[in-house]
Structures are given as C-alpha cells and as structure tokens.
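Listing of final.pdb; format and content: PDB, C-alpha atoms.
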```pdb
ATOM      1  CA  MET A   1     151.971  67.977 210.258  1.00  0.00           C
ATOM      2  CA  GLY A   2     153.465  66.804 206.960  1.00  0.00           C
ATOM      3  CA  LEU A   3     151.957  66.983 203.472  1.00  0.00           C
ATOM      4  CA  PHE A   4     150.829  63.347 203.573  1.00  0.00           C
ATOM      5  CA  ASP A   5     149.049  63.947 206.878  1.00  0.00           C
ATOM      6  CA  ARG A   6     147.260  66.991 205.452  1.00  0.00           C
ATOM      7  CA  LEU A   7     146.189  65.093 202.341  1.00  0.00           C
ATOM      8  CA  ARG A   8     144.720  62.340 204.459  1.00  0.00           C
ATOM      9  CA  GLY A   9     142.908  64.696 206.802  1.00  0.00           C
ATOM     10  CA  GLY A  10     145.376  64.298 209.646  1.00  0.00           C
ATOM     11  CA  TRP A  11     145.129  60.506 209.680  1.00  0.00           C
ATOM     12  CA  VAL A  12     148.202  58.966 211.302  1.00  0.00           C
ATOM     13  CA  TYR A  13     148.881  55.275 211.854  1.00  0.00           C
ATOM     14  CA  GLU A  14     151.755  53.832 213.837  1.00  0.00           C
ATOM     15  CA  ASP A  15     152.878  50.224 213.828  1.00  0.00           C
ATOM     16  CA  ASP A  16     156.033  48.141 213.861  1.00  0.00           C
ATOM     17  CA  ALA A  17     156.927  45.725 211.092  1.00  0.00           C
ATOM     18  CA  ASP A  18     159.971  44.061 209.633  1.00  0.00           C
ATOM     19  CA  TYR A  19     158.820  44.968 206.124  1.00  0.00           C
ATOM     20  CA  VAL A  20     156.435  47.504 204.651  1.00  0.00           C
ATOM     21  CA  ILE A  21     154.920  46.534 201.313  1.00  0.00           C
ATOM     22  CA  VAL A  22     153.524  49.407 199.248  1.00  0.00           C
ATOM     23  CA  GLY A  23     150.699  48.089 197.098  1.00  0.00           C
ATOM     24  CA  THR A  24     148.625  44.937 197.435  1.00  0.00           C
ATOM     25  CA  GLY A  25     148.558  43.929 193.783  1.00  0.00           C
ATOM     26  CA  ALA A  26     150.164  40.822 192.362  1.00  0.00           C
ATOM     27  CA  GLY A  27     153.732  41.823 193.232  1.00  0.00           C
ATOM     28  CA  GLY A  28     153.068  43.284 196.668  1.00  0.00           C
ATOM     29  CA  ALA A  29     150.772  40.485 197.758  1.00  0.00           C
ATOM     30  CA  THR A  30     153.263  37.849 196.634  1.00  0.00           C
ATOM     31  CA  ALA A  31     156.218  39.560 198.318  1.00  0.00           C
ATOM     32  CA  GLY A  32     154.234  39.970 201.530  1.00  0.00           C
ATOM     33  CA  LYS A  33     153.114  36.343 201.521  1.00  0.00           C
ATOM     34  CA  VAL A  34     156.659  35.059 201.055  1.00  0.00           C
ATOM     35  CA  LEU A  35     158.010  37.330 203.795  1.00  0.00           C
ATOM     36  CA  ALA A  36     155.207  36.455 206.232  1.00  0.00           C
ATOM     37  CA  GLU A  37     155.672  32.733 205.622  1.00  0.00           C
ATOM     38  CA  ALA A  38     159.360  33.221 206.438  1.00  0.00           C
ATOM     39  CA  GLY A  39     158.326  34.551 209.854  1.00  0.00           C
ATOM     40  CA  HIS A  40     158.568  38.304 209.255  1.00  0.00           C
ATOM     41  CA  ASP A  41     156.039  40.892 210.383  1.00  0.00           C
ATOM     42  CA  VAL A  42     154.647  42.528 207.248  1.00  0.00           C
ATOM     43  CA  LEU A  43     152.630  45.723 206.921  1.00  0.00           C
ATOM     44  CA  PHE A  44     150.793  46.504 203.680  1.00  0.00           C
ATOM     45  CA  LEU A  45     150.039  50.043 202.519  1.00  0.00           C
ATOM     46  CA  GLU A  46     147.403  50.502 199.843  1.00  0.00           C
ATOM     47  CA  GLU A  47     146.246  53.680 198.163  1.00  0.00           C
ATOM     48  CA  GLY A  48     142.602  52.746 197.954  1.00  0.00           C
ATOM     49  CA  PRO A  49     139.908  50.886 199.838  1.00  0.00           C
ATOM     50  CA  ARG A  50     139.058  47.234 200.192  1.00  0.00           C
ATOM     51  CA  LEU A  51     136.096  46.843 197.870  1.00  0.00           C
ATOM     52  CA  LYS A  52     133.757  44.042 198.804  1.00  0.00           C
ATOM     53  CA  THR A  53     131.551  42.770 195.997  1.00  0.00           C
ATOM     54  CA  LYS A  54     128.380  44.007 197.686  1.00  0.00           C
ATOM     55  CA  ASP A  55     129.875  47.509 198.077  1.00  0.00           C
ATOM     56  CA  ARG A  56     131.095  47.967 194.503  1.00  0.00           C
ATOM     57  CA  PRO A  57     129.177  50.472 192.381  1.00  0.00           C
ATOM     58  CA  ARG A  58     127.141  48.831 189.624  1.00  0.00           C
ATOM     59  CA  ASP A  59     127.468  51.699 187.146  1.00  0.00           C
ATOM     60  CA  ALA A  60     130.579  51.869 184.945  1.00  0.00           C
ATOM     61  CA  ILE A  61     131.706  55.359 185.978  1.00  0.00           C
ATOM     62  CA  GLY A  62     131.353  54.624 189.685  1.00  0.00           C
ATOM     63  CA  ALA A  63     133.091  51.270 189.381  1.00  0.00           C
ATOM     64  CA  LEU A  64     136.018  52.645 187.375  1.00  0.00           C
ATOM     65  CA  SER A  65     136.520  55.801 189.425  1.00  0.00           C
ATOM     66  CA  GLY A  66     136.483  53.849 192.677  1.00  0.00           C
ATOM     67  CA  SER A  67     138.991  51.199 191.698  1.00  0.00           C
ATOM     68  CA  MET A  68     141.140  52.374 188.764  1.00  0.00           C
ATOM     69  CA  ARG A  69     143.674  55.202 188.524  1.00  0.00           C
ATOM     70  CA  GLN A  70     142.161  58.119 186.607  1.00  0.00           C
ATOM     71  CA  ALA A  71     138.933  56.115 186.214  1.00  0.00           C
ATOM     72  CA  ALA A  72     140.713  53.815 183.721  1.00  0.00           C
ATOM     73  CA  THR A  73     141.675  56.696 181.409  1.00  0.00           C
ATOM     74  CA  GLN A  74     145.411  56.688 182.215  1.00  0.00           C
ATOM     75  CA  THR A  75     147.759  56.302 179.230  1.00  0.00           C
ATOM     76  CA  THR A  76     151.473  56.231 178.588  1.00  0.00           C
ATOM     77  CA  ALA A  77     153.213  59.408 177.443  1.00  0.00           C
ATOM     78  CA  GLY A  78     154.601  59.604 173.936  1.00  0.00           C
ATOM     79  CA  PRO A  79     153.491  59.739 170.324  1.00  0.00           C
ATOM     80  CA  VAL A  80     151.232  56.674 170.661  1.00  0.00           C
ATOM     81  CA  PRO A  81     149.310  56.657 173.934  1.00  0.00           C
ATOM     82  CA  ILE A  82     148.733  53.163 175.274  1.00  0.00           C
ATOM     83  CA  PRO A  83     146.032  52.603 177.899  1.00  0.00           C
ATOM     84  CA  VAL A  84     147.381  51.594 181.316  1.00  0.00           C
ATOM     85  CA  LEU A  85     144.865  50.000 183.653  1.00  0.00           C
ATOM     86  CA  GLN A  86     146.154  50.468 187.177  1.00  0.00           C
ATOM     87  CA  GLY A  87     144.128  49.400 190.176  1.00  0.00           C
ATOM     88  CA  VAL A  88     143.919  51.664 193.218  1.00  0.00           C
ATOM     89  CA  CYS A  89     142.181  49.368 195.695  1.00  0.00           C
ATOM     90  CA  VAL A  90     143.144  46.374 197.798  1.00  0.00           C
ATOM     91  CA  GLY A  91     144.331  43.796 195.290  1.00  0.00           C
ATOM     92  CA  GLY A  92     145.580  46.435 192.856  1.00  0.00           C
ATOM     93  CA  SER A  93     144.993  45.603 189.223  1.00  0.00           C
ATOM     94  CA  THR A  94     144.309  41.971 190.118  1.00  0.00           C
ATOM     95  CA  ALA A  95     140.975  43.109 191.564  1.00  0.00           C
ATOM     96  CA  MET A  96     139.624  43.773 188.085  1.00  0.00           C
ATOM     97  CA  ASN A  97     141.556  41.593 185.645  1.00  0.00           C
ATOM     98  CA  SER A  98     138.928  38.844 185.418  1.00  0.00           C
ATOM     99  CA  GLY A  99     141.163  36.348 187.195  1.00  0.00           C
ATOM    100  CA  ILE A 100     143.026  35.356 184.047  1.00  0.00           C
ATOM    101  CA  ILE A 101     146.178  33.293 184.511  1.00  0.00           C
ATOM    102  CA  TRP A 102     148.404  31.761 181.842  1.00  0.00           C
ATOM    103  CA  ARG A 103     151.501  29.630 181.853  1.00  0.00           C
ATOM    104  CA  MET A 104     154.395  30.916 179.779  1.00  0.00           C
ATOM    105  CA  PRO A 105     154.086  29.704 176.170  1.00  0.00           C
ATOM    106  CA  GLU A 106     156.795  27.186 175.274  1.00  0.00           C
ATOM    107  CA  ASP A 107     157.975  29.230 172.269  1.00  0.00           C
ATOM    108  CA  VAL A 108     158.543  32.241 174.555  1.00  0.00           C
ATOM    109  CA  ARG A 109     160.513  30.110 177.038  1.00  0.00           C
ATOM    110  CA  GLU A 110     162.666  28.744 174.199  1.00  0.00           C
ATOM    111  CA  ASP A 111     163.258  32.283 172.874  1.00  0.00           C
ATOM    112  CA  TRP A 112     164.367  33.463 176.309  1.00  0.00           C
ATOM    113  CA  ILE A 113     166.812  30.561 176.537  1.00  0.00           C
ATOM    114  CA  THR A 114     168.137  30.758 172.981  1.00  0.00           C
ATOM    115  CA  ASN A 115     168.213  34.487 172.333  1.00  0.00           C
ATOM    116  CA  HIS A 116     168.473  36.087 175.749  1.00  0.00           C
ATOM    117  CA  GLY A 117     170.624  33.730 177.849  1.00  0.00           C
ATOM    118  CA  LEU A 118     167.935  33.228 180.490  1.00  0.00           C
ATOM    119  CA  ALA A 119     168.086  29.443 180.791  1.00  0.00           C
ATOM    120  CA  SER A 120     168.637  29.583 184.556  1.00  0.00           C
ATOM    121  CA  LEU A 121     165.492  31.692 185.000  1.00  0.00           C
ATOM    122  CA  VAL A 122     163.191  29.532 182.905  1.00  0.00           C
ATOM    123  CA  ASP A 123     164.244  26.000 183.812  1.00  0.00           C
ATOM    124  CA  GLU A 124     161.329  23.762 182.811  1.00  0.00           C
ATOM    125  CA  GLY A 125     161.301  21.740 186.036  1.00  0.00           C
ATOM    126  CA  GLU A 126     161.530  24.825 188.247  1.00  0.00           C
ATOM    127  CA  LEU A 127     158.807  26.599 186.273  1.00  0.00           C
ATOM    128  CA  GLU A 128     156.525  23.585 186.623  1.00  0.00           C
ATOM    129  CA  ARG A 129     157.059  23.594 190.400  1.00  0.00           C
ATOM    130  CA  ILE A 130     156.287  27.321 190.553  1.00  0.00           C
ATOM    131  CA  TYR A 131     153.211  26.984 188.323  1.00  0.00           C
ATOM    132  CA  GLU A 132     151.829  24.216 190.529  1.00  0.00           C
ATOM    133  CA  THR A 133     152.429  26.236 193.700  1.00  0.00           C
ATOM    134  CA  VAL A 134     150.797  29.373 192.292  1.00  0.00           C
ATOM    135  CA  GLU A 135     147.863  27.469 190.813  1.00  0.00           C
ATOM    136  CA  GLU A 136     147.260  25.677 194.111  1.00  0.00           C
ATOM    137  CA  ASP A 137     147.604  28.853 196.210  1.00  0.00           C
ATOM    138  CA  LEU A 138     145.213  30.761 193.941  1.00  0.00           C
ATOM    139  CA  GLU A 139     142.849  27.819 193.456  1.00  0.00           C
ATOM    140  CA  VAL A 140     143.142  28.153 189.674  1.00  0.00           C
ATOM    141  CA  SER A 141     140.462  26.358 187.688  1.00  0.00           C
ATOM    142  CA  PRO A 142     138.625  26.832 184.395  1.00  0.00           C
ATOM    143  CA  THR A 143     135.720  29.259 184.465  1.00  0.00           C
ATOM    144  CA  GLY A 144     132.568  27.460 185.539  1.00  0.00           C
ATOM    145  CA  ASP A 145     129.522  27.335 183.296  1.00  0.00           C
ATOM    146  CA  ASP A 146     127.541  29.100 186.040  1.00  0.00           C
ATOM    147  CA  VAL A 147     129.525  32.339 185.562  1.00  0.00           C
ATOM    148  CA  LEU A 148     130.314  32.084 181.863  1.00  0.00           C
ATOM    149  CA  GLY A 149     128.843  35.042 179.995  1.00  0.00           C
ATOM    150  CA  GLY A 150     127.171  35.003 176.604  1.00  0.00           C
ATOM    151  CA  ASN A 151     130.265  36.064 174.646  1.00  0.00           C
ATOM    152  CA  ALA A 152     132.449  33.403 176.254  1.00  0.00           C
ATOM    153  CA  THR A 153     129.794  30.756 175.647  1.00  0.00           C
ATOM    154  CA  LEU A 154     129.637  31.690 171.949  1.00  0.00           C
ATOM    155  CA  MET A 155     133.445  31.665 171.721  1.00  0.00           C
ATOM    156  CA  ARG A 156     133.596  28.210 173.295  1.00  0.00           C
ATOM    157  CA  GLN A 157     130.918  26.861 170.935  1.00  0.00           C
ATOM    158  CA  ALA A 158     132.717  28.316 167.908  1.00  0.00           C
ATOM    159  CA  SER A 159     136.118  26.944 168.946  1.00  0.00           C
ATOM    160  CA  GLU A 160     134.606  23.489 169.544  1.00  0.00           C
ATOM    161  CA  LYS A 161     132.896  23.584 166.136  1.00  0.00           C
ATOM    162  CA  LEU A 162     136.202  24.524 164.473  1.00  0.00           C
ATOM    163  CA  GLY A 163     138.145  21.935 166.452  1.00  0.00           C
ATOM    164  CA  LEU A 164     140.327  24.590 168.075  1.00  0.00           C
ATOM    165  CA  PRO A 165     141.699  24.092 171.578  1.00  0.00           C
ATOM    166  CA  GLY A 166     140.559  26.521 174.197  1.00  0.00           C
ATOM    167  CA  GLN A 167     138.757  26.960 177.434  1.00  0.00           C
ATOM    168  CA  PRO A 168     137.238  29.828 179.369  1.00  0.00           C
TER     169      PRO A 168
END
```

Output the file's structure in the form of structure tokens.
Amino acid sequence: MGLFDRLRGGWVYEDDADYVIVGTGAGGATAGKVLAEAGHDVLFLEEGPRLKTKDRPRDAIGALSGSMRQAATQTTAGPVPIPVLQGVCVGGSTAMNSGIIWRMPEDVREDWITNHGLASLVDEGELERIYETVEEDLEVSPTGDDVLGGNATLMRQASEKLGLPGQP
C-alpha cells in the first residue's frame, strides 16, 4: 500500500479515462469541459468534498476550514506575505469567489498589444466571441436585487447619486 493509500485510509479507485484533470476549479473545469465536448473520457480528481449549500457550515471557522486551504490563512513566502485564497472543494476557489466575472479592461488589452507583443492573443473579435461563450455557458447576469446585501445596495445608491457607472 502506497503513501497516498495510507493517507486516504486505504481508499482505492480504479477507472479508465483519456484524460485525468487534477482540480475542479476554473482551469480544471474548463479543460475538462473542452475535452469532454471533443469526445474524450475525462476523470476529475479533487482534494476536497462537494459542498452543497445545505451542507455548508454557517460559522466562519467551519466554512473556511472545510473549503479553503489552511482555513484561508495561507500566504505567499517572502518579506511581504500576501494572502492566497485557495479552494479545496469541488469547484476550487470558484466555489467561494462570489461569482464575480469581468471582461478585460480595454486599456489592459491595448497595453498587452503595444508593450508585450500579444496582439494575436487579445484580438478584439476573438475575445468578444470567447466572452459571449463564457457568459452564456455560465449564465452570467447582474446580481439580482433579491440577493443584494446591504453594503452592495449602499454602494449602488452612492454610485447612482454620484453619476458613476457600476452594477452589482
């Protein structure tokens, strides 16, 4: 019995797949989806459990320890530690990032073209096609008033009063 088997209490799983994806976060889920749609058999491996909303702990310590590496206390090494939030459940870090999605700002795209020679990677027409596909697949929409919290409501009211663009 190998180390991994001992750590998992002797649990062994056998299956056949064309591809094994380690991690079900944004990258792993996307890679697996693309491969499966191309007709490949895909197997996902995830470190943690699938957390259904009804099963998630309601207290902060329980919620963080059950879904985040080091209970959300992980930092980078070096003279200035930077917090690193890393999910350890099905969905990875996407399971707790509030569902935020942004398109690349135009000034960033222009910088990548002008200063970094990445024009072929950030073609405006191709990006638009990709954005539309992702937004449709993920059913992207503004946050509904029914789930908007007090802070977001105040922020929206303030931005409207100041004439600033924005949406939850």

Legend entry - Exercise: segment 81-94 of chain A partners within 7 Å, all atoms listed in the file, chain neighbours under 3 positions left out, as a VMD selection string: chain A and resid 23 to 26 46 to 51 67 to 69 72 to 78 97

Result set of the PyMOL selection byres ((chain A and resi 142-147) around 10) on the coordinates above, as a compact mmCIF listing (two decimals) with C-alpha atoms, in the coordinates of the input:
```
# COMPACT_ATOMS: atom_id res chain seq x y z
CA GLY A 99 141.16 36.35 187.20
CA ILE A 100 143.03 35.36 184.05
CA ILE A 101 146.18 33.29 184.51
CA VAL A 140 143.14 28.15 189.67
CA SER A 141 140.46 26.36 187.69
CA LEU A 148 130.31 32.08 181.86
CA GLY A 149 128.84 35.04 180.00
CA GLY A 150 127.17 35.00 176.60
CA ALA A 152 132.45 33.40 176.25
CA THR A 153 129.79 30.76 175.65
CA GLN A 167 138.76 26.96 177.43
CA PRO A 168 137.24 29.83 179.37
```

Inset, instruction - Return the single residue from A:Leu35, A:Glu124, A:Thr30, A:Pro57 that is closest to Asp18 of chain A, with distances computed using only C-alpha atoms. - result: A:Leu35

Inset, instruction - Using the chain letters and numbers from the file, give me the residues hit by the PyMOL selection byres ((chain A and resi 104) around 12), as JSON, numbers by chain. - result: {"A": [101, 102, 103, 105, 106, 107, 108, 109, 110, 111, 112, 122, 123, 124, 127, 128, 130, 131]}

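As for atom CA of Ser120 of chain A and atom CA of Thr133 of chain A, they are spaced 18.9 Å apart.
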
Write out as an mmCIF file with C-alpha atoms, in the coordinates of the input the residues lying within 12 Å of Lys33 of chain A, counting all atoms listed in the file and excluding same-chain residues fewer than 4 positions away.
```
data_model
loop_
_atom_site.group_PDB
_atom_site.id
_atom_site.type_symbol
_atom_site.label_atom_id
_atom_site.label_comp_id
_atom_site.auth_asym_id
_atom_site.auth_seq_id
_atom_site.Cartn_x
_atom_site.Cartn_y
_atom_site.Cartn_z
ATOM 1 C CA TYR A 19 158.820 44.968 206.124
ATOM 2 C CA ILE A 21 154.920 46.534 201.313
ATOM 3 C CA THR A 24 148.625 44.937 197.435
ATOM 4 C CA GLY A 25 148.558 43.929 193.783
ATOM 5 C CA ALA A 26 150.164 40.822 192.362
ATOM 6 C CA GLY A 27 153.732 41.823 193.232
ATOM 7 C CA GLY A 28 153.068 43.284 196.668
ATOM 8 C CA ALA A 29 150.772 40.485 197.758
ATOM 9 C CA GLU A 37 155.672 32.733 205.622
ATOM 10 C CA ALA A 38 159.360 33.221 206.438
ATOM 11 C CA GLY A 39 158.326 34.551 209.854
ATOM 12 C CA HIS A 40 158.568 38.304 209.255
ATOM 13 C CA ASP A 41 156.039 40.892 210.383
ATOM 14 C CA VAL A 42 154.647 42.528 207.248
ATOM 15 C CA LEU A 43 152.630 45.723 206.921
ATOM 16 C CA PHE A 44 150.793 46.504 203.680
ATOM 17 C CA VAL A 134 150.797 29.373 192.292
ATOM 18 C CA ASP A 137 147.604 28.853 196.210
#
```

Box in all listed atoms of segment 82-91 of chain A, axis-aligned, with 8 Å more on each side; write out centre and edge lengths in Å to one decimal as AutoDock Vina command-line options.
```
--center_x 145.5 --center_y 48.5 --center_z 186.5 --size_x 22.6 --size_y 25.4 --size_z 38.5
```
